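upload_14.tsv (TSV, C-alpha atoms)
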```tsv
chain	number	residue	atom	x	y	z
A	505	MET	CA	194.63	81.12	91.55
A	506	SER	CA	196.96	79.43	94.05
A	507	GLY	CA	195.12	77.65	96.85
A	508	LYS	CA	191.76	77.80	95.12
A	509	MET	CA	189.79	74.63	94.49
A	510	ASN	CA	188.37	73.88	91.07
A	511	TYR	CA	184.74	72.80	91.43
A	512	ALA	CA	184.29	72.10	87.73
A	513	TRP	CA	182.45	68.90	86.99
A	514	PRO	CA	183.83	67.12	83.90
A	515	VAL	CA	180.55	67.67	82.08
A	516	THR	CA	180.51	65.65	78.88
A	517	SER	CA	176.88	64.54	79.14
A	518	GLU	CA	173.52	65.90	80.24
A	519	ASN	CA	169.86	64.99	80.38
A	520	SER	CA	168.67	65.27	76.79
A	521	VAL	CA	165.62	67.37	77.76
A	522	VAL	CA	167.75	69.81	79.75
A	523	TYR	CA	170.52	70.08	77.15
A	524	ASN	CA	168.16	70.78	74.26
A	525	CYS	CA	166.37	73.45	76.30
A	526	PHE	CA	169.69	75.07	77.26
A	527	LEU	CA	170.77	75.21	73.62
A	528	GLN	CA	167.48	76.76	72.51
A	529	LYS	CA	167.36	79.32	75.30
A	530	VAL	CA	170.92	80.57	74.77
A	531	GLU	CA	170.05	81.09	71.11
A	532	ARG	CA	166.84	83.00	72.01
A	533	ILE	CA	168.45	85.40	74.50
A	534	LYS	CA	171.63	86.18	72.55
A	535	PRO	CA	170.65	89.86	72.10
A	536	ARG	CA	170.37	90.22	75.90
A	537	LEU	CA	173.82	88.71	76.48
A	538	GLN	CA	175.82	90.84	74.09
A	539	GLY	CA	178.35	93.05	75.88
A	540	LYS	CA	177.26	91.89	79.34
A	541	ARG	CA	179.02	89.98	82.07
A	542	ILE	CA	177.27	86.64	82.40
A	543	ALA	CA	176.72	85.49	86.00
A	544	VAL	CA	175.84	81.79	86.00
A	545	PHE	CA	173.90	81.21	89.22
A	546	GLY	CA	174.69	77.67	90.38
A	547	ALA	CA	178.25	76.29	90.42
A	548	GLY	CA	177.16	72.69	89.91
A	549	ILE	CA	176.68	70.16	87.13
A	550	ARG	CA	174.10	72.16	85.21
A	551	GLY	CA	176.11	75.33	85.56
A	552	CYS	CA	179.09	73.54	84.03
A	553	CYS	CA	176.90	72.25	81.20
A	554	LEU	CA	175.66	75.77	80.48
A	555	LEU	CA	179.26	77.03	80.62
A	556	LYS	CA	180.25	74.71	77.78
A	557	ILE	CA	177.35	75.95	75.65
A	558	LEU	CA	178.25	79.57	76.41
A	559	GLU	CA	181.91	79.01	75.54
A	560	ASP	CA	180.93	77.22	72.33
A	561	ASN	CA	179.01	80.39	71.43
A	562	GLY	CA	182.06	82.60	72.08
A	563	TYR	CA	181.21	84.01	75.54
A	564	ARG	CA	184.15	84.51	77.91
A	565	ASN	CA	183.11	87.30	80.31
A	566	ILE	CA	181.63	84.86	82.83
A	567	VAL	CA	181.51	84.39	86.60
A	568	PHE	CA	179.72	81.84	88.75
A	569	VAL	CA	177.48	82.74	91.66
A	570	ASP	CA	176.65	80.28	94.43
A	571	ASN	CA	175.04	80.50	97.86
A	572	ASN	CA	177.23	77.69	99.19
A	573	ILE	CA	179.98	79.45	101.14
A	574	GLU	CA	182.28	76.44	100.67
A	575	LYS	CA	182.35	77.10	96.93
A	576	GLN	CA	182.71	80.88	97.12
A	577	ASN	CA	186.18	82.33	96.40
A	578	ASN	CA	187.05	79.20	94.43
A	579	LEU	CA	186.79	78.39	90.72
A	580	ILE	CA	184.97	76.65	87.93
A	581	ASN	CA	187.99	76.11	85.70
A	582	HIS	CA	189.41	79.65	85.47
A	583	TYR	CA	186.09	81.41	86.23
A	584	ASP	CA	185.57	82.83	89.73
A	585	ILE	CA	182.82	81.60	92.05
A	586	ILE	CA	181.50	84.56	94.02
A	587	SER	CA	178.68	85.30	96.46
A	588	PHE	CA	175.42	86.89	95.36
A	589	GLU	CA	176.28	90.01	97.37
A	590	THR	CA	179.60	90.36	95.55
A	591	ALA	CA	177.94	89.76	92.19
A	592	LEU	CA	175.48	92.61	92.78
A	593	GLN	CA	178.37	95.09	92.75
A	594	GLU	CA	178.57	94.62	88.96
A	595	LYS	CA	175.74	96.49	87.24
A	596	ASP	CA	176.26	95.56	83.60
A	597	GLN	CA	175.50	91.86	83.83
A	598	VAL	CA	172.85	89.17	83.26
A	599	PHE	CA	172.17	86.32	85.69
A	600	LEU	CA	171.42	82.86	84.29
A	601	VAL	CA	169.81	80.56	86.87
A	602	THR	CA	170.63	76.88	86.36
A	603	PRO	CA	169.68	74.63	89.34
A	604	GLU	CA	166.59	72.47	89.51
A	605	GLY	CA	163.96	73.77	91.91
A	606	ALA	CA	165.51	77.26	91.98
A	607	GLU	CA	162.55	79.09	93.57
A	608	LYS	CA	164.71	80.48	96.39
A	609	ILE	CA	167.29	81.82	93.95
A	610	CYS	CA	164.58	83.42	91.83
A	611	SER	CA	163.20	85.08	94.97
A	612	GLN	CA	166.72	86.33	95.83
A	613	LEU	CA	167.01	88.00	92.45
A	614	THR	CA	163.53	89.50	92.58
A	615	ASP	CA	164.00	90.76	96.15
A	616	ALA	CA	167.20	92.49	94.99
A	617	GLY	CA	165.13	94.47	92.47
A	618	LEU	CA	166.23	92.50	89.41
A	619	ILE	CA	163.68	91.82	86.70
A	620	GLU	CA	163.11	88.41	85.14
A	621	ASN	CA	163.76	88.21	81.39
A	622	GLU	CA	165.66	91.50	81.62
A	623	ASN	CA	168.30	91.24	84.36
A	624	TRP	CA	167.98	87.49	84.88
A	625	PHE	CA	166.78	84.42	83.01
A	626	SER	CA	165.74	81.07	84.39
A	627	PHE	CA	167.44	78.01	82.93
A	628	SER	CA	165.85	75.91	85.66
A	629	VAL	CA	164.58	73.34	83.20
A	630	SER	CA	162.80	70.38	84.72
A	631	ALA	CA	162.34	66.95	83.22
A	632	TYR	CA	159.77	66.26	85.93
A	633	GLN	CA	156.69	67.27	83.94
A	634	GLN	CA	157.53	64.80	81.18
A	635	TYR	CA	158.09	62.09	83.81
A	636	VAL	CA	154.73	62.77	85.49
A	637	GLU	CA	152.92	62.71	82.13
A	638	GLU	CA	154.51	59.37	81.27
A	639	TYR	CA	153.65	58.02	84.73
A	640	GLN	CA	150.01	59.02	84.33
A	641	ARG	CA	149.58	57.40	80.91
A	642	SER	CA	147.36	54.38	81.52
A	643	LEU	CA	148.53	51.34	79.58
A	644	GLY	CA	147.89	47.61	79.46
A	645	ASN	CA	150.03	44.76	78.14
A	646	TYR	CA	153.17	46.83	77.93
A	647	LEU	CA	156.88	46.88	78.75
A	648	LEU	CA	157.64	48.96	81.86
A	649	VAL	CA	161.14	50.47	81.82
A	650	MET	CA	162.67	52.22	84.84
A	651	GLY	CA	166.15	53.67	85.23
A	652	ASP	CA	168.39	56.67	85.72
A	653	CYS	CA	170.90	58.67	83.67
A	654	ALA	CA	171.89	55.65	81.57
A	655	PHE	CA	168.45	56.17	79.97
A	656	THR	CA	168.18	59.99	80.15
A	657	HIS	CA	171.62	61.37	79.23
A	658	ILE	CA	173.37	62.11	75.94
A	659	ALA	CA	176.93	63.13	75.15
A	660	LEU	CA	177.30	66.87	74.62
A	661	GLU	CA	179.19	66.18	71.40
A	662	ASP	CA	176.34	64.10	69.93
A	663	GLN	CA	174.63	65.23	66.76
A	664	ASN	CA	171.65	62.98	67.53
A	665	HIS	CA	170.17	64.04	70.86
A	666	ASP	CA	167.83	61.06	71.41
A	667	SER	CA	168.50	59.48	74.79
A	668	LEU	CA	168.42	55.71	75.24
A	669	GLY	CA	165.06	56.04	76.98
A	670	THR	CA	163.68	57.94	74.00
A	671	MET	CA	165.12	55.37	71.60
A	672	ILE	CA	163.46	52.52	73.52
A	673	ARG	CA	160.15	54.37	73.61
A	674	ASN	CA	160.32	55.17	69.90
A	675	ARG	CA	161.28	51.61	68.95
A	676	ALA	CA	158.57	49.95	71.02
A	677	GLY	CA	155.86	52.50	70.34
A	678	ALA	CA	154.09	54.61	72.95
A	679	GLY	CA	151.24	52.13	73.31
A	680	ARG	CA	153.54	49.20	74.08
A	681	CYS	CA	156.06	50.80	76.42
A	682	LYS	CA	156.27	53.14	79.40
A	683	VAL	CA	159.72	54.59	80.16
A	684	LEU	CA	160.12	56.18	83.59
A	685	ASP	CA	163.69	57.47	83.63
A	686	MET	CA	165.27	60.11	85.83
A	687	HIS	CA	168.94	60.81	86.51
A	688	GLY	CA	170.24	59.73	89.89
A	689	MET	CA	167.08	57.91	90.94
A	690	GLY	CA	167.62	54.96	93.25
A	691	GLN	CA	166.06	51.66	94.19
A	692	GLN	CA	163.70	52.89	96.90
A	693	ALA	CA	162.13	55.33	94.45
A	694	TYR	CA	161.77	52.59	91.83
A	695	TYR	CA	160.00	50.39	94.37
A	696	HIS	CA	157.44	52.98	95.48
A	697	ILE	CA	156.72	54.19	91.94
A	698	ALA	CA	156.32	50.67	90.53
A	699	ARG	CA	154.14	49.69	93.49
A	700	SER	CA	151.87	52.69	92.94
A	701	LEU	CA	151.36	51.69	89.30
A	702	LEU	CA	150.29	48.20	90.37
A	703	GLU	CA	148.03	49.58	93.08
A	704	ARG	CA	146.16	51.73	90.60
A	705	GLY	CA	145.47	48.68	88.43
A	706	GLU	CA	148.25	48.70	85.85
A	707	LYS	CA	149.97	45.41	85.16
A	708	PRO	CA	152.83	45.44	82.66
A	709	ASP	CA	153.76	42.32	80.72
A	710	LYS	CA	157.43	42.74	81.59
A	711	PHE	CA	159.54	44.96	83.80
A	712	LEU	CA	162.96	46.16	82.60
A	713	LEU	CA	164.83	47.67	85.54
A	714	LEU	CA	168.22	49.34	85.26
A	715	LEU	CA	170.69	47.90	87.76
A	716	MET	CA	173.60	50.25	88.36
A	717	ILE	CA	175.89	48.63	90.90
A	718	GLU	CA	176.58	52.07	92.36
A	719	THR	CA	172.93	52.26	93.55
A	720	MET	CA	173.85	49.41	95.93
A	721	ALA	CA	176.59	51.51	97.56
A	722	PRO	CA	175.71	52.51	101.15
A	723	LYS	CA	176.15	56.27	100.69
A	724	VAL	CA	174.41	56.78	97.36
A	725	PRO	CA	170.74	56.70	98.52
A	726	ILE	CA	171.23	59.65	100.90
A	727	MET	CA	173.01	61.97	98.46
A	728	PRO	CA	171.00	65.06	97.42
A	729	ARG	CA	171.19	64.37	93.67
A	730	THR	CA	169.35	61.05	94.09
A	731	GLN	CA	166.30	62.41	95.93
A	732	HIS	CA	164.08	64.42	93.51
A	733	PRO	CA	161.60	65.40	96.27
A	734	GLU	CA	159.66	67.73	93.95
A	735	LEU	CA	159.06	64.87	91.50
A	736	ILE	CA	158.14	62.36	94.21
A	737	ARG	CA	155.60	64.79	95.71
A	738	ALA	CA	154.13	65.44	92.26
A	739	LEU	CA	153.67	61.70	91.69
A	740	VAL	CA	152.01	61.24	95.08
A	741	LYS	CA	149.61	64.11	94.33
A	742	THR	CA	148.40	62.41	91.14
A	743	LEU	CA	146.99	59.52	93.22
A	744	GLU	CA	143.49	59.67	94.70
A	745	THR	CA	144.48	57.50	97.65
A	746	PRO	CA	148.29	57.38	97.80
A	747	ASN	CA	149.89	54.59	99.77
A	748	PRO	CA	151.03	55.99	103.16
A	749	GLU	CA	154.49	54.50	102.56
A	750	PHE	CA	154.78	56.42	99.26
A	751	ALA	CA	153.74	59.65	100.99
A	752	ALA	CA	156.24	58.99	103.77
A	753	TYR	CA	158.96	58.42	101.19
A	754	ALA	CA	158.19	61.84	99.66
A	755	ASP	CA	158.86	63.39	103.10
A	756	LEU	CA	162.05	61.34	103.48
A	757	ALA	CA	163.30	62.44	100.04
A	758	GLN	CA	162.74	66.09	101.01
A	759	GLU	CA	164.51	65.62	104.34
A	760	ARG	CA	167.51	63.99	102.65
A	761	PHE	CA	167.63	66.68	99.97
A	762	ASP	CA	167.60	69.46	102.56
A	763	ARG	CA	170.40	67.80	104.51
A	764	PHE	CA	172.91	69.12	101.98
A	765	GLN	CA	176.17	67.31	101.44
A	766	LEU	CA	179.04	68.35	99.24
A	767	GLU	CA	179.28	65.55	96.71
A	768	ALA	CA	182.39	64.05	95.15
A	769	PHE	CA	183.53	65.59	91.92
A	770	ALA	CA	186.41	65.27	89.52
A	771	SER	CA	187.90	67.90	87.25
A	772	PHE	CA	189.88	67.54	84.06
A	773	HIS	CA	191.87	70.59	85.17
A	774	ASP	CA	192.70	69.44	88.69
A	775	LYS	CA	196.23	68.11	89.15
A	776	ALA	CA	194.72	65.45	91.42
A	777	SER	CA	192.02	64.51	88.88
A	778	GLN	CA	193.25	60.94	88.43
A	779	LYS	CA	193.32	60.47	92.19
A	780	SER	CA	189.75	61.74	92.57
A	781	GLU	CA	188.61	59.63	89.59
A	782	LYS	CA	190.07	56.57	91.29
A	783	LEU	CA	188.41	57.43	94.59
A	784	TYR	CA	185.08	58.03	92.86
A	785	MET	CA	185.25	54.64	91.16
A	786	GLN	CA	186.12	52.93	94.44
A	787	ILE	CA	183.18	54.55	96.22
A	788	ASN	CA	180.63	53.87	93.48
A	789	TYR	CA	181.79	50.65	91.81
A	790	LEU	CA	184.32	48.81	93.98
A	791	PHE	CA	182.82	49.47	97.40
A	792	ARG	CA	182.43	46.78	100.06
A	793	TYR	CA	179.08	45.11	99.43
A	794	ARG	CA	176.62	45.17	102.33
A	795	GLU	CA	173.53	43.02	102.50
A	796	THR	CA	171.75	45.67	104.55
A	797	ALA	CA	172.33	48.58	102.14
A	798	GLU	CA	169.15	50.42	101.18
A	799	GLY	CA	169.65	49.73	97.48
A	800	VAL	CA	169.90	45.99	98.08
A	801	THR	CA	166.87	45.95	100.37
A	802	TYR	CA	164.61	47.78	97.91
A	803	LEU	CA	165.83	45.87	94.89
A	804	LYS	CA	164.75	42.69	96.67
A	805	LYS	CA	161.38	44.21	97.60
A	806	THR	CA	160.81	45.29	94.00
A	807	ILE	CA	161.66	41.90	92.49
A	808	LYS	CA	159.56	40.09	95.10
A	809	MET	CA	156.59	42.37	94.40
A	810	MET	CA	156.82	41.71	90.67
A	811	ASN	CA	157.26	37.96	91.24
A	812	GLU	CA	154.07	37.92	93.32
A	813	GLU	CA	152.20	39.71	90.50
A	814	GLY	CA	153.55	37.24	87.93
A	815	ILE	CA	155.44	39.96	86.05
A	816	PRO	CA	158.84	38.85	84.63
A	817	VAL	CA	161.75	41.00	85.82
A	818	ILE	CA	164.69	41.82	83.56
A	819	LEU	CA	167.69	43.49	85.22
A	820	TYR	CA	169.63	45.55	82.69
A	821	ILE	CA	173.32	46.15	83.53
A	822	PRO	CA	174.58	49.11	81.46
A	823	PRO	CA	178.09	49.38	79.97
A	824	VAL	CA	180.86	50.36	82.35
A	825	ASN	CA	183.95	52.22	81.19
A	826	TYR	CA	186.18	49.28	82.04
A	827	TRP	CA	188.89	50.76	79.82
A	828	GLN	CA	189.30	53.59	82.32
A	829	GLY	CA	188.82	51.14	85.17
A	830	GLU	CA	191.77	49.10	83.99
A	831	ALA	CA	193.84	52.26	83.47
A	832	LEU	CA	193.23	53.14	87.13
A	833	PHE	CA	193.23	49.70	88.78
A	834	GLY	CA	195.09	47.45	86.34
A	835	GLY	CA	194.06	44.06	85.06
A	836	ASP	CA	192.17	43.19	88.24
A	837	PHE	CA	189.46	45.77	87.61
A	838	LYS	CA	186.96	43.36	86.03
A	839	ALA	CA	187.29	40.87	88.87
A	840	LEU	CA	186.83	43.62	91.45
A	841	TYR	CA	183.88	45.08	89.55
A	842	GLU	CA	182.16	41.70	89.21
A	843	THR	CA	182.60	40.76	92.87
A	844	ASN	CA	179.75	42.99	94.05
A	845	PHE	CA	177.44	41.65	91.34
A	846	GLU	CA	178.25	38.08	92.35
A	847	LYS	CA	177.45	38.84	95.98
A	848	LEU	CA	174.24	40.61	94.99
A	849	TYR	CA	173.03	37.76	92.76
A	850	ALA	CA	173.83	35.24	95.49
A	851	SER	CA	171.76	37.31	97.91
A	852	LEU	CA	168.79	37.46	95.53
A	853	GLU	CA	168.94	33.75	94.84
A	854	ARG	CA	169.05	32.85	98.55
A	855	GLU	CA	165.63	34.46	98.84
A	856	GLY	CA	164.29	32.57	95.83
A	857	LEU	CA	163.71	35.68	93.73
A	858	ARG	CA	163.16	35.18	90.01
A	859	TYR	CA	164.76	37.49	87.46
A	860	GLU	CA	166.72	37.59	84.22
A	861	VAL	CA	169.97	39.52	83.74
A	862	VAL	CA	170.82	41.35	80.52
A	863	ASP	CA	174.43	42.35	81.05
A	864	ALA	CA	175.98	44.92	78.71
A	865	SER	CA	178.92	45.72	81.03
A	866	TYR	CA	181.62	45.17	78.41
A	867	LEU	CA	179.61	45.94	75.26
A	868	LEU	CA	181.17	49.26	74.24
A	869	ASP	CA	184.50	50.40	72.90
A	870	LEU	CA	186.35	53.26	74.56
A	871	ASP	CA	185.29	55.84	71.98
A	872	ASP	CA	181.61	54.95	72.53
A	873	PHE	CA	181.67	56.65	75.95
A	874	ALA	CA	180.85	60.32	76.40
A	875	ALA	CA	184.02	60.78	78.41
A	876	PRO	CA	186.65	58.18	77.52
A	877	ASN	CA	189.09	59.46	80.16
A	878	THR	CA	186.66	59.35	83.11
A	879	ILE	CA	184.50	56.66	84.68
A	880	ASP	CA	181.28	58.37	83.50
A	881	GLU	CA	179.20	55.51	82.08
A	882	THR	CA	177.14	57.75	79.80
A	883	CYS	CA	177.71	56.89	76.15
A	884	ARG	CA	177.64	58.61	72.80
A	885	TYR	CA	174.99	57.98	70.17
A	886	SER	CA	177.21	55.26	68.66
A	887	GLY	CA	177.11	53.48	72.02
A	888	ARG	CA	173.36	53.92	72.39
A	889	GLU	CA	172.85	52.36	68.96
A	890	LYS	CA	174.92	49.33	70.03
A	891	ILE	CA	172.88	49.02	73.21
A	892	MET	CA	169.62	49.12	71.25
A	893	GLN	CA	170.86	46.35	68.97
A	894	PHE	CA	171.96	44.35	72.01
A	895	LEU	CA	168.60	44.73	73.79
A	896	SER	CA	166.65	43.99	70.62
A	897	LYS	CA	168.34	40.58	70.31
A	898	ASN	CA	167.26	39.51	73.80
A	899	ALA	CA	164.52	36.90	73.61
A	900	SER	CA	162.46	38.54	76.35
A	901	LEU	CA	162.59	42.01	74.77
A	902	ARG	CA	162.54	41.12	71.08
A	903	LYS	CA	158.79	41.42	70.61
A	904	TYR	CA	158.90	44.98	71.96
A	905	LEU	CA	162.11	46.27	70.40
A	906	ASN	CA	162.47	44.39	67.10
A	907	GLN	CA	160.81	46.50	64.42
A	908	ARG	CA	160.51	43.63	61.96
A	909	GLU	CA	158.43	41.62	64.43
A	910	MET	CA	156.33	44.71	65.20
A	911	LEU	CA	155.46	45.02	61.53
A	912	SER	CA	154.71	41.33	61.00
```
The structure given in the file should be rewritten as structure tokens.
Amino acid sequence: MSGKMNYAWPVTSENSVVYNCFLQKVERIKPRLQGKRIAVFGAGIRGCCLLKILEDNGYRNIVFVDNNIEKQNNLINHYDIISFETALQEKDQVFLVTPEGAEKICSQLTDAGLIENENWFSFSVSAYQQYVEEYQRSLGNYLLVMGDCAFTHIALEDQNHDSLGTMIRNRAGAGRCKVLDMHGMGQQAYYHIARSLLERGEKPDKFLLLLMIETMAPKVPIMPRTQHPELIRALVKTLETPNPEFAAYADLAQERFDRFQLEAFASFHDKASQKSEKLYMQINYLFRYRETAEGVTYLKKTIKMMNEEGIPVILYIPPVNYWQGEALFGGDFKALYETNFEKLYASLEREGLRYEVVDASYLLDLDDFAAPNTIDETCRYSGREKIMQFLSKNASLRKYLNQREMLS
């Protein structure tokens, strides 16, 4: 084990659609897993999520398979990461394919003579279809909600698996609310998607946009996990006459996705985990604000577009795990965290943009977070309930989210 790097993500949360599908599929294929070595294809976030489910069900004879040579001969916790060629030397095993858009991996397995639903099973669950269906629903006089994993993810320990996006949709009612939420999505995507809705004739009453300060960081927009090229292409294809800029963005998203980068990670089992947690928080929360960053540019474009259409904009700031922030950076964390927001707001106001801020940064207690000892902002169901109560009290959102007013 000496000298090997642990590529385990500290998975304590996952997209609710993906997690529920993983749970159900493991239960369905239990007879095929008995007595076999399980080769999890994909040593990434989803692979780590599936690992937890497998371990919870008592499976221990597990290896990881990955085509990325940088990960091969390293570990996910104490499980080996091996190449596909090495994995094929074991005959009595079942491959479980986890990544999104895993067509190439599926072809690898098929070309090697392995049979789907016998020698390998696809866990390549996509939340894209649900997103496209929600996007295509034509509504009028409604609340448009857009955001990333703060709306899509649940804690793996939750008993209630409703994400915040689902809770908002259920509270408001399908006819009064459209929730377009996808993990990792950034400001340029929000702009093009919102613009396409307006161009096809939809005009929401209000626009609730998640504002994660990390989406303003210079590096974030080019990272592979923020691109979703398959989803962007699918949205463009639904339009009879797509805006050329939207189509060009679909190409850009694919180009960025293909330009693979090894992303930052932090492991509970790494001796340097606190150091990497601190670095991750610096990069994503306490970075040096730049007026020219892509996230800033497209946030401005989005607000301006909505202002011109007469649609009120509400920027929702989700809870941050400031408890962990203070553990890593001391009592100055809040001041450092708020500096970038102050600079951003000043920039928006200089351009005369109109918006309202609903700031839940310090709303939650430590045990409301999915991972109290990391900077992961995803919260447990107890936290999501607090957020719903908080949003429901806002004057601009009350008529959508307050059930008593809905019934009156």
Practice item. Tell me which protein, DNA and RNA residues are within 12 Å of Gln663 of chain A, counting all atoms listed in the file, leaving out same-chain ones fewer than 4 positions away, and put them as a ChimeraX atom specification. Key: /A:520,524,658-659,667,884-886
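Reported to one decimal place, the separation of atom CA of Lys805 of chain A from atom CA of Leu857 of chain A is 9.7 Å.
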Point to revise | Contacts of Val530 of chain A at 12 Å (all atoms listed in the file; same-chain gap of 5+ positions) as a PyMOL selection string | key: chain A and resi 523-525+535-538+542+554-563+600+625-627
**Study point:** Polymer residues at most 9 Å from Tyr694 of chain A, all atoms listed in the file, same-chain spacing of 3 or more positions, as a VMD selection string
**Key:** chain A and resid 650 to 651 689 to 691 697 to 699 713 802 to 803 806
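For the atom pair formed by atom CA of Gln893 of chain A and atom CA of Leu905 of chain A, the distance is 8.9 Å, given to one decimal.
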Check your understanding: Of the candidates A:Gly551, A:Pro823, A:Pro816, A:Pro725, which shows the shortest atom-to-atom distance to Ser865 of chain A, using only C-alpha atoms?
Key ->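 Counting only C-alpha atoms, the residue closest to Ser865 of chain A is A:Pro823.
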Point to revise | Separation of atom CA of Leu790 of chain A from atom CA of Phe833 of chain A in Å | key: 10.4 Å
Practice item. For His687 of chain A, please output as a list of chain:residue names all residues within 7 Å (counting only C-alpha atoms; exclusion window: fewer than 2 positions along the same chain). Key: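 Residues meeting the cut-off are A:Asp652, A:Cys653, A:Thr656, A:Asp685, A:Met689.
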Exercise for review: Around the point (185.6, 45.0, 89.0) in the file's coordinates, collect all residues with an atom within 12 Å, using all atoms listed in the file, and return them as an NGL selection string.
Suggested key: :A and (717-718 or 785-786 or 788-792 or 824-830 or 832-846 or 865-866)
Review point. Closest to Thr590 of chain A among A:Gly548, A:Ala543, A:Thr602, A:Thr742, using only C-alpha atoms?
Key: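 Going through A:Gly548, A:Ala543, A:Thr602, A:Thr742 one by one, the smallest distance to Thr590 of chain A is for A:Ala543.
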Point to revise | Residues near segment 675-678 of chain A, cut-off 10 Å, all atoms listed in the file, skip fewer than 6 positions along chain, as a count of residues only | key: 16
Enclose segment 852-860 of chain A, meaning all of its atoms listed in the file, in a box aligned along x, y and z, pad it by 6 Å on each side, and list the centre and edge lengths in Å to one decimal, as JSON.
```
{"center_x": 166.1, "center_y": 35.1, "center_z": 91.5, "size_x": 17.9, "size_y": 17.0, "size_z": 26.6}
```
Check your understanding: From the list A:Phe526, A:Asp863, A:Ser517, A:Asn578, which residue is nearest Ser628 of chain A when using only C-alpha atoms?
Key -> A:Phe526
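Proximity ranking of A:Asn811, A:Lys575, A:Arg541, A:Glu637 relative to Leu592 of chain A places A:Arg541 first, based on only C-alpha atoms.
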Export segment 605-660 of chain A from the structure block above, keeping C-alpha atoms, as a PDB file, in the first residue's frame.
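Resulting contents of selection25.pdb:
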```pdb
ATOM      1  CA  GLY A 605     -22.170   8.696 -20.684  1.00  0.00           C
ATOM      2  CA  ALA A 606     -20.376   5.332 -20.493  1.00  0.00           C
ATOM      3  CA  GLU A 607     -20.918   4.264 -24.123  1.00  0.00           C
ATOM      4  CA  LYS A 608     -17.185   3.729 -24.704  1.00  0.00           C
ATOM      5  CA  ILE A 609     -16.877   1.553 -21.609  1.00  0.00           C
ATOM      6  CA  CYS A 610     -19.895  -0.498 -22.636  1.00  0.00           C
ATOM      7  CA  SER A 611     -18.306  -1.002 -26.060  1.00  0.00           C
ATOM      8  CA  GLN A 612     -15.054  -2.090 -24.370  1.00  0.00           C
ATOM      9  CA  LEU A 613     -16.891  -4.761 -22.431  1.00  0.00           C
ATOM     10  CA  THR A 614     -18.888  -5.956 -25.430  1.00  0.00           C
ATOM     11  CA  ASP A 615     -15.808  -6.044 -27.684  1.00  0.00           C
ATOM     12  CA  ALA A 616     -14.097  -8.214 -25.052  1.00  0.00           C
ATOM     13  CA  GLY A 617     -16.882 -10.784 -25.462  1.00  0.00           C
ATOM     14  CA  LEU A 618     -18.667  -9.952 -22.208  1.00  0.00           C
ATOM     15  CA  ILE A 619     -22.456 -10.029 -22.160  1.00  0.00           C
ATOM     16  CA  GLU A 620     -24.611  -7.274 -20.716  1.00  0.00           C
ATOM     17  CA  ASN A 621     -26.844  -8.312 -17.802  1.00  0.00           C
ATOM     18  CA  GLU A 622     -24.735 -11.447 -17.403  1.00  0.00           C
ATOM     19  CA  ASN A 623     -21.049 -10.471 -17.166  1.00  0.00           C
ATOM     20  CA  TRP A 624     -21.654  -6.737 -16.770  1.00  0.00           C
ATOM     21  CA  PHE A 625     -24.391  -4.362 -15.677  1.00  0.00           C
ATOM     22  CA  SER A 626     -24.794  -0.699 -16.456  1.00  0.00           C
ATOM     23  CA  PHE A 627     -25.261   1.644 -13.510  1.00  0.00           C
ATOM     24  CA  SER A 628     -24.845   4.580 -15.875  1.00  0.00           C
ATOM     25  CA  VAL A 629     -27.954   6.304 -14.579  1.00  0.00           C
ATOM     26  CA  SER A 630     -28.687   9.680 -16.089  1.00  0.00           C
ATOM     27  CA  ALA A 631     -30.736  12.477 -14.596  1.00  0.00           C
ATOM     28  CA  TYR A 632     -30.725  14.122 -18.009  1.00  0.00           C
ATOM     29  CA  GLN A 633     -34.033  12.695 -19.247  1.00  0.00           C
ATOM     30  CA  GLN A 634     -35.881  14.111 -16.248  1.00  0.00           C
ATOM     31  CA  TYR A 635     -34.188  17.491 -16.825  1.00  0.00           C
ATOM     32  CA  VAL A 636     -35.172  17.556 -20.514  1.00  0.00           C
ATOM     33  CA  GLU A 637     -38.776  16.640 -19.677  1.00  0.00           C
ATOM     34  CA  GLU A 638     -38.956  19.445 -17.119  1.00  0.00           C
ATOM     35  CA  TYR A 639     -37.381  21.870 -19.604  1.00  0.00           C
ATOM     36  CA  GLN A 640     -39.952  20.986 -22.259  1.00  0.00           C
ATOM     37  CA  ARG A 641     -42.975  21.457 -19.980  1.00  0.00           C
ATOM     38  CA  SER A 642     -44.654  24.623 -21.216  1.00  0.00           C
ATOM     39  CA  LEU A 643     -45.826  26.825 -18.351  1.00  0.00           C
ATOM     40  CA  GLY A 644     -47.080  30.346 -17.798  1.00  0.00           C
ATOM     41  CA  ASN A 645     -47.110  32.519 -14.674  1.00  0.00           C
ATOM     42  CA  TYR A 646     -44.700  30.326 -12.781  1.00  0.00           C
ATOM     43  CA  LEU A 647     -41.577  30.338 -10.615  1.00  0.00           C
ATOM     44  CA  LEU A 648     -38.459  29.314 -12.566  1.00  0.00           C
ATOM     45  CA  VAL A 649     -35.798  27.694 -10.381  1.00  0.00           C
ATOM     46  CA  MET A 650     -32.289  26.910 -11.635  1.00  0.00           C
ATOM     47  CA  GLY A 651     -29.349  25.484  -9.718  1.00  0.00           C
ATOM     48  CA  ASP A 652     -26.876  22.682  -9.168  1.00  0.00           C
ATOM     49  CA  CYS A 653     -26.204  20.006  -6.540  1.00  0.00           C
ATOM     50  CA  ALA A 654     -27.604  22.136  -3.716  1.00  0.00           C
ATOM     51  CA  PHE A 655     -30.971  21.322  -5.333  1.00  0.00           C
ATOM     52  CA  THR A 656     -30.270  17.780  -6.614  1.00  0.00           C
ATOM     53  CA  HIS A 657     -28.299  15.998  -3.873  1.00  0.00           C
ATOM     54  CA  ILE A 658     -29.268  14.158  -0.701  1.00  0.00           C
ATOM     55  CA  ALA A 659     -27.182  12.751   2.132  1.00  0.00           C
ATOM     56  CA  LEU A 660     -26.565   9.028   1.791  1.00  0.00           C
TER      57      LEU A 660
END
```
